[in-house]
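Enquirer: Sharing structure32.txt, compact mmCIF, C-alpha atoms:
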```txt
# COMPACT_ATOMS: atom_id res chain seq x y z
CA MET A 1 186.14 98.43 -106.70
CA SER A 2 182.93 99.58 -108.35
CA PRO A 3 181.35 97.64 -111.23
CA GLU A 4 181.92 98.93 -114.74
CA LEU A 5 179.02 100.51 -116.59
CA ILE A 6 177.84 99.29 -119.98
CA ILE A 7 175.85 102.15 -121.47
CA MET A 8 172.98 100.88 -123.60
CA LEU A 9 171.39 103.26 -126.07
CA THR A 10 168.03 101.62 -125.48
CA ASN A 11 164.77 102.57 -123.82
CA ASN A 12 161.86 100.22 -123.18
CA ASP A 13 164.02 97.38 -124.56
CA ILE A 14 164.38 99.03 -128.00
CA THR A 15 167.35 100.93 -129.43
CA VAL A 16 166.40 104.61 -129.64
CA LYS A 17 166.09 106.18 -133.08
CA ASN A 18 168.63 108.93 -132.31
CA ALA A 19 171.19 106.55 -130.80
CA ALA A 20 174.00 107.84 -133.03
CA GLU A 21 173.29 111.44 -132.02
CA ILE A 22 173.23 110.53 -128.33
CA PHE A 23 176.52 108.67 -128.66
CA GLU A 24 178.21 111.56 -130.47
CA GLY A 25 177.11 113.89 -127.66
CA CYS A 26 178.56 111.67 -124.93
CA LYS A 27 181.52 109.82 -126.41
CA ASP A 28 183.99 112.18 -124.73
CA LEU A 29 182.89 111.05 -121.27
CA PRO A 30 185.09 108.53 -119.38
CA ALA A 31 182.90 105.56 -120.21
CA LYS A 32 184.52 102.72 -122.11
CA LYS A 33 181.68 100.27 -122.71
CA TRP A 34 178.77 101.06 -125.05
CA GLY A 35 176.09 99.08 -126.81
CA PHE A 36 172.52 98.67 -127.93
CA LYS A 37 169.92 96.02 -128.74
CA ASP A 38 169.31 94.22 -132.00
CA VAL A 39 165.91 95.91 -132.47
CA GLY A 40 164.96 99.51 -133.22
CA LEU A 41 167.35 100.43 -136.04
CA PRO A 42 167.88 99.18 -139.61
CA LYS A 43 170.93 96.95 -140.00
CA GLU A 44 172.83 99.61 -141.95
CA GLU A 45 172.42 102.08 -139.08
CA MET A 46 173.48 99.46 -136.54
CA ILE A 47 176.64 98.75 -138.52
CA ALA A 48 177.41 102.47 -138.80
CA LEU A 49 176.82 103.11 -135.10
CA ALA A 50 178.95 100.16 -134.00
CA LYS A 51 181.71 101.48 -136.27
CA LYS A 52 181.48 104.95 -134.69
CA MET A 53 181.85 103.37 -131.25
CA LYS A 54 184.91 101.40 -132.32
CA GLU A 55 186.47 104.47 -133.95
CA ALA A 56 186.00 106.31 -130.64
CA GLY A 57 187.95 103.58 -128.86
CA LYS A 58 184.95 102.00 -127.14
CA GLU A 59 184.34 98.37 -126.23
CA THR A 60 181.10 97.35 -127.92
CA PHE A 61 178.15 95.21 -126.86
CA ILE A 62 174.96 94.02 -128.52
CA GLU A 63 172.18 92.44 -126.48
CA VAL A 64 169.90 90.04 -128.29
CA VAL A 65 166.58 89.27 -126.58
CA THR A 66 165.12 86.30 -128.40
CA TYR A 67 164.48 82.73 -127.36
CA THR A 68 164.43 80.49 -130.44
CA GLU A 69 167.60 78.84 -131.66
CA GLU A 70 167.12 80.34 -135.11
CA GLY A 71 166.62 83.83 -133.66
CA CYS A 72 169.61 83.53 -131.34
CA LEU A 73 171.86 82.40 -134.18
CA GLU A 74 170.64 85.28 -136.35
CA GLY A 75 171.53 87.63 -133.48
CA ALA A 76 175.03 86.17 -133.34
CA LYS A 77 175.45 86.68 -137.07
CA LEU A 78 174.27 90.28 -136.71
CA ALA A 79 176.80 90.86 -133.92
CA TYR A 80 179.58 89.69 -136.22
CA GLU A 81 178.35 91.68 -139.22
CA CYS A 82 178.25 94.84 -137.10
CA GLY A 83 181.72 94.23 -135.71
CA PHE A 84 180.75 94.01 -132.04
CA ASP A 85 183.22 92.81 -129.44
CA HIS A 86 180.57 91.18 -127.26
CA LEU A 87 177.38 89.25 -127.91
CA THR A 88 175.12 89.25 -124.86
CA GLY A 89 171.69 87.78 -124.26
CA THR A 90 170.22 84.91 -126.30
CA LEU A 91 169.80 81.45 -124.86
CA PRO A 92 172.88 79.21 -124.65
CA PHE A 93 172.34 77.00 -127.68
CA ASP A 94 175.36 74.98 -128.82
CA SER A 95 175.06 76.48 -132.31
CA VAL A 96 175.47 79.99 -130.89
CA PHE A 97 178.52 78.94 -128.87
CA ARG A 98 180.08 77.46 -132.01
CA TYR A 99 179.36 80.55 -134.10
CA ALA A 100 180.73 82.92 -131.44
CA LYS A 101 183.91 80.89 -131.09
CA GLU A 102 184.46 80.64 -134.85
CA HIS A 103 183.94 84.39 -135.32
CA GLY A 104 185.85 85.75 -132.34
CA LEU A 105 182.86 87.04 -130.37
CA GLN A 106 182.96 87.26 -126.59
CA TYR A 107 179.68 85.54 -125.72
CA SER A 108 177.68 86.06 -122.52
CA PRO A 109 174.29 84.32 -122.72
CA PHE A 110 171.32 84.65 -120.42
CA CYS A 111 171.33 82.06 -117.66
CA GLY A 112 168.33 80.52 -115.95
CA ASN A 113 164.80 80.20 -117.26
CA VAL A 114 164.48 83.44 -119.22
CA GLY A 115 161.52 84.45 -121.39
CA GLY A 116 158.91 87.04 -122.16
CA SER A 117 158.99 90.69 -123.12
CA PRO A 118 159.99 92.47 -120.99
CA VAL A 119 162.32 89.72 -119.84
CA GLU A 120 161.43 87.61 -116.82
CA LEU A 121 163.71 85.20 -114.96
CA THR A 122 162.17 82.29 -113.09
CA GLY A 123 163.30 79.14 -111.32
CA SER A 124 165.03 78.28 -108.08
CA LEU A 125 168.26 79.93 -107.04
CA GLU A 126 170.01 76.57 -107.33
CA GLU A 127 168.76 76.06 -110.90
CA ILE A 128 169.95 79.49 -112.00
CA VAL A 129 173.36 79.02 -110.38
CA GLN A 130 173.74 75.67 -112.15
CA SER A 131 172.71 77.25 -115.45
CA ALA A 132 175.40 79.93 -114.99
CA LYS A 133 178.03 77.28 -114.22
CA ASP A 134 176.95 75.27 -117.27
CA CYS A 135 177.33 78.34 -119.52
CA ILE A 136 180.84 79.02 -118.27
CA GLY A 137 181.67 75.35 -118.61
CA LYS A 138 180.63 75.46 -122.28
CA GLY A 139 183.01 78.33 -122.94
CA ALA A 140 181.01 81.50 -122.29
CA ALA A 141 183.07 84.60 -121.57
CA GLY A 142 180.50 85.50 -118.94
CA ILE A 143 176.81 85.37 -118.19
CA ASP A 144 174.05 87.94 -118.64
CA LEU A 145 172.08 87.81 -115.39
CA THR A 146 168.67 89.52 -115.22
CA SER A 147 168.68 89.78 -111.43
CA TYR A 148 166.06 92.50 -111.15
CA ARG A 149 163.69 90.59 -113.42
CA TYR A 150 163.80 87.58 -111.06
CA ARG A 151 160.27 86.55 -110.05
CA ASP A 152 160.94 83.68 -107.64
CA GLY A 153 163.32 85.14 -105.07
CA ASP A 154 165.52 87.98 -103.92
CA PRO A 155 167.63 89.59 -106.68
CA VAL A 156 170.57 90.46 -104.46
CA GLU A 157 170.72 86.99 -102.92
CA LEU A 158 170.63 85.51 -106.41
CA THR A 159 173.39 87.79 -107.63
CA LYS A 160 175.68 86.94 -104.73
CA ALA A 161 175.12 83.23 -105.27
CA VAL A 162 175.98 83.45 -108.97
CA VAL A 163 179.07 85.59 -108.27
CA ASP A 164 180.23 83.03 -105.71
CA ALA A 165 179.67 80.20 -108.19
CA VAL A 166 181.35 81.57 -111.33
CA GLY A 167 183.45 84.54 -110.22
CA ALA A 168 182.77 88.26 -110.15
CA ASP A 169 184.54 88.88 -113.47
CA LYS A 170 182.03 86.62 -115.24
CA VAL A 171 178.82 88.37 -114.15
CA CYS A 172 177.03 91.19 -115.96
CA ILE A 173 173.69 92.37 -114.59
CA ALA A 174 171.31 93.14 -117.43
CA GLY A 175 168.72 95.85 -116.88
CA SER A 176 166.77 97.60 -114.13
CA ILE A 177 169.68 99.23 -112.29
CA GLY A 178 167.77 102.49 -112.06
CA ASN A 179 168.77 104.04 -108.74
CA THR A 180 171.75 104.41 -106.43
CA GLN A 181 170.38 101.83 -103.99
CA ARG A 182 170.61 99.14 -106.65
CA MET A 183 174.01 100.41 -107.74
CA ASP A 184 175.19 100.04 -104.13
CA ALA A 185 173.65 96.56 -103.89
CA MET A 186 175.44 95.39 -107.04
CA LYS A 187 178.76 96.73 -105.80
CA GLU A 188 178.26 94.84 -102.53
CA ALA A 189 177.35 91.70 -104.49
CA GLY A 190 180.66 92.00 -106.32
CA VAL A 191 179.52 92.02 -109.96
CA ALA A 192 181.97 93.06 -112.65
CA GLU A 193 179.57 95.19 -114.65
CA TYR A 194 175.98 96.09 -115.35
CA THR A 195 174.03 97.66 -118.17
CA MET A 196 172.09 100.90 -117.95
CA GLY A 197 169.90 102.56 -120.55
CA GLY A 198 166.32 103.47 -119.74
CA ALA A 199 167.25 105.05 -116.40
CA LEU A 200 169.47 107.52 -118.23
CA PHE A 201 166.84 108.37 -120.82
CA ASN A 202 164.11 108.73 -118.20
CA GLY A 203 165.98 111.02 -115.83
CA ASN A 204 166.11 108.63 -112.87
CA PHE A 205 169.19 110.34 -111.41
CA VAL A 206 168.81 113.95 -112.55
CA GLU A 207 165.10 114.67 -112.75
CA GLY A 208 164.32 116.50 -115.97
CA GLY A 209 167.97 116.21 -117.01
CA THR A 210 169.34 115.11 -120.35
CA PHE A 211 170.79 111.69 -121.09
CA ARG A 212 174.27 113.18 -120.78
CA GLU A 213 173.51 114.84 -117.44
CA ASN A 214 172.20 111.58 -116.02
CA LEU A 215 175.20 109.68 -117.36
CA GLU A 216 177.58 112.23 -115.83
CA TYR A 217 175.85 111.76 -112.48
CA VAL A 218 176.16 107.97 -112.65
CA LEU A 219 179.83 108.05 -113.67
CA LYS A 220 180.63 110.43 -110.83
CA TYR A 221 178.71 108.24 -108.37
CA LEU A 222 180.59 105.14 -109.51
CA ASN A 223 183.89 106.96 -109.17
CA ASN A 224 183.06 107.89 -105.58
CA GLN A 225 181.60 104.55 -104.47
```
What is this file in structure tokens?
Expert:
Amino acid sequence: MSPELIIMLTNNDITVKNAAEIFEGCKDLPAKKWGFKDVGLPKEEMIALAKKMKEAGKETFIEVVTYTEEGCLEGAKLAYECGFDHLTGTLPFDSVFRYAKEHGLQYSPFCGNVGGSPVELTGSLEEIVQSAKDCIGKGAAGIDLTSYRYRDGDPVELTKAVVDAVGADKVCIAGSIGNTQRMDAMKEAGVAEYTMGGALFNGNFVEGGTFRENLEYVLKYLNNQ
């Protein structure tokens, strides 16, 4: 079974200004999971866009890329205020776990030593696997694994090790799935889902094509995998 796609209305790690317009032009496609990042739009627009997604019957995700406890907790509060189903990203601080549990958010934090902008993942494979297990042990719904931002080893080997450790249904690959080779690799690794945004905006699959045309290509490819 192919992984599920989480469509992120982000490019270069920022939510695009016309995210609502893009969503309206694609919401009829057979893609259930949609989201965006906590940067790029005013809060009022984020709330309105998340509402549009929910009204269209979508499962909603916000990814928060920040590394301080205060920033991570603010991201969790934003996720709740916007009405998101899932909070992804952040570092696994106990305060964020408590907030997510108290407010009914499905929480999937980054695992491993994550930092920088754009995000980088460092550390040994064993350390990252243990971090993923610790997150699940603390009550995370899943983990947000930045496999293709891994600087100290092979991303596919890492992904397979994490899947083996915590279960395929707990693993979401965040970012950099920008070609069919990586899509194939993630299916082989057994991940449940992965995010995709910039590759759709930048025409990685249909050169010169629109966001919708690239998304149609990816959905068809997933269906035929």
Enquirer: Report as JSON lines the residues of stretch 48-163 of chain A within 6 Å of stretch 171-190 of chain A, each with its shortest atom pair and distance in Å (one decimal), using all atoms listed in the file, ordered by chain and increasing residue number.
Expert:
```
{"residue": "A:Gly142", "atom": "CA", "partner": "A:Val171", "partner_atom": "CA", "distance": 5.8}
{"residue": "A:Ile143", "atom": "CA", "partner": "A:Val171", "partner_atom": "CA", "distance": 5.4}
{"residue": "A:Asp144", "atom": "CA", "partner": "A:Cys172", "partner_atom": "CA", "distance": 5.2}
{"residue": "A:Leu145", "atom": "CA", "partner": "A:Ile173", "partner_atom": "CA", "distance": 4.9}
{"residue": "A:Thr146", "atom": "CA", "partner": "A:Ala174", "partner_atom": "CA", "distance": 5.0}
{"residue": "A:Tyr148", "atom": "CA", "partner": "A:Ser176", "partner_atom": "CA", "distance": 5.9}
{"residue": "A:Lys160", "atom": "CA", "partner": "A:Ala189", "partner_atom": "CA", "distance": 5.1}
```
Enquirer: Give me, please, the distance in Å between atom CA of A:Pro3 and atom CA of A:Ala192, quoted to one decimal.
Expert: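 Result for atom CA of A:Pro3 versus atom CA of A:Ala192: 4.8 Å, one decimal.
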Enquirer: Between atom CA of A:Thr10 and atom CA of A:Ala56, what distance in Å does the model show, to one decimal?
Expert: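 Separation of atom CA of A:Thr10 and atom CA of A:Ala56: 19.3 Å.
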Enquirer: In Å, with one decimal, what is the gap from atom CA of A:Arg151 to atom CA of A:Gln130?
Expert: 17.4 Å
Enquirer: With all atoms listed in the file as the counted atoms, please give the residues lying no more than 7 Å from stretch 75-88 of chain A, apart from itself and same-chain residues fewer than 4 positions off, as number ranges by chain.
Expert: A: 46-47, 50, 59-64, 71, 96, 100, 103, 105-109, 144
Enquirer: Save out the residues we just selected, C-alpha atoms, as a CSV table (one decimal), in the frame of the given file.
Expert:
```
chain,number,residue,atom,x,y,z
A,46,MET,CA,173.5,99.5,-136.5
A,47,ILE,CA,176.6,98.8,-138.5
A,50,ALA,CA,179.0,100.2,-134.0
A,59,GLU,CA,184.3,98.4,-126.2
A,60,THR,CA,181.1,97.4,-127.9
A,61,PHE,CA,178.2,95.2,-126.9
A,62,ILE,CA,175.0,94.0,-128.5
A,63,GLU,CA,172.2,92.4,-126.5
A,64,VAL,CA,169.9,90.0,-128.3
A,71,GLY,CA,166.6,83.8,-133.7
A,96,VAL,CA,175.5,80.0,-130.9
A,100,ALA,CA,180.7,82.9,-131.4
A,103,HIS,CA,183.9,84.4,-135.3
A,105,LEU,CA,182.9,87.0,-130.4
A,106,GLN,CA,183.0,87.3,-126.6
A,107,TYR,CA,179.7,85.5,-125.7
A,108,SER,CA,177.7,86.1,-122.5
A,109,PRO,CA,174.3,84.3,-122.7
A,144,ASP,CA,174.0,87.9,-118.6
```
Enquirer: Give as a PDB file with C-alpha atoms, in the frame of the given file the set of residues within 8 Å of the point (176.7, 102.3, -121.8), where distances use the file's coordinates and all atoms listed in the file.
Expert:
```pdb
ATOM      1  CA  LEU A   5     179.020 100.510-116.590  1.00  0.00           C
ATOM      2  CA  ILE A   6     177.840  99.290-119.980  1.00  0.00           C
ATOM      3  CA  ILE A   7     175.850 102.150-121.470  1.00  0.00           C
ATOM      4  CA  MET A   8     172.980 100.880-123.600  1.00  0.00           C
ATOM      5  CA  LEU A   9     171.390 103.260-126.070  1.00  0.00           C
ATOM      6  CA  ALA A  31     182.900 105.560-120.210  1.00  0.00           C
ATOM      7  CA  LYS A  32     184.520 102.720-122.110  1.00  0.00           C
ATOM      8  CA  LYS A  33     181.680 100.270-122.710  1.00  0.00           C
ATOM      9  CA  TRP A  34     178.770 101.060-125.050  1.00  0.00           C
ATOM     10  CA  GLY A  35     176.090  99.080-126.810  1.00  0.00           C
ATOM     11  CA  THR A 195     174.030  97.660-118.170  1.00  0.00           C
ATOM     12  CA  MET A 196     172.090 100.900-117.950  1.00  0.00           C
ATOM     13  CA  GLY A 197     169.900 102.560-120.550  1.00  0.00           C
TER      14      GLY A 197
END
```
Enquirer: Kindly indicate which residue among A:Lys17, A:Lys220, A:Lys52, A:Lys101 lies nearest to A:Gly40, using only C-alpha atoms for the distances.
Expert: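 Nearest candidate to A:Gly40 out of A:Lys17, A:Lys220, A:Lys52, A:Lys101: A:Lys17.
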Enquirer: Skipping near chain neighbours, those fewer than 5 positions away, what residues fall within 9 Å of A:Ala161 using only C-alpha atoms, listed as a list in words?
Expert: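 So, after excluding close chain neighbours, the residues are Leu125, Glu126, Val129, Val156, Val166 and Ala189 of chain A.
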Enquirer: Which one is closest to A:Asp13: A:Val119, A:Cys72, A:Leu49, A:Leu219? Count all atoms listed in the file.
Expert: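 For A:Asp13, the nearest of the given residues is A:Val119.
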Enquirer: Considering only C-alpha atoms, can you say which of A:Leu215, A:Arg98, A:Ile14, A:Glu193 comes closest to A:Ser2?
Expert: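 With only C-alpha atoms as the atom set, the closest residue is A:Glu193.
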Enquirer: If we count only C-alpha atoms, what is near A:Asp28 at a cut-off of 12 Å, once residues fewer than 2 positions away on the same chain are taken out, given as a list of chain:residue names?
Expert: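 The neighbour list is A:Ile22, A:Phe23, A:Glu24, A:Gly25, A:Cys26, A:Pro30, A:Ala31, A:Lys32, A:Met53, A:Ala56, A:Gly57, A:Lys58, A:Arg212, A:Leu215, A:Glu216.
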Enquirer: When you count all atoms listed in the file, which of these residues is closest to A:Ala165: A:Phe36, A:Glu127, A:Pro118, A:Tyr150?
Expert: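 For A:Ala165, the nearest of the given residues is A:Glu127.
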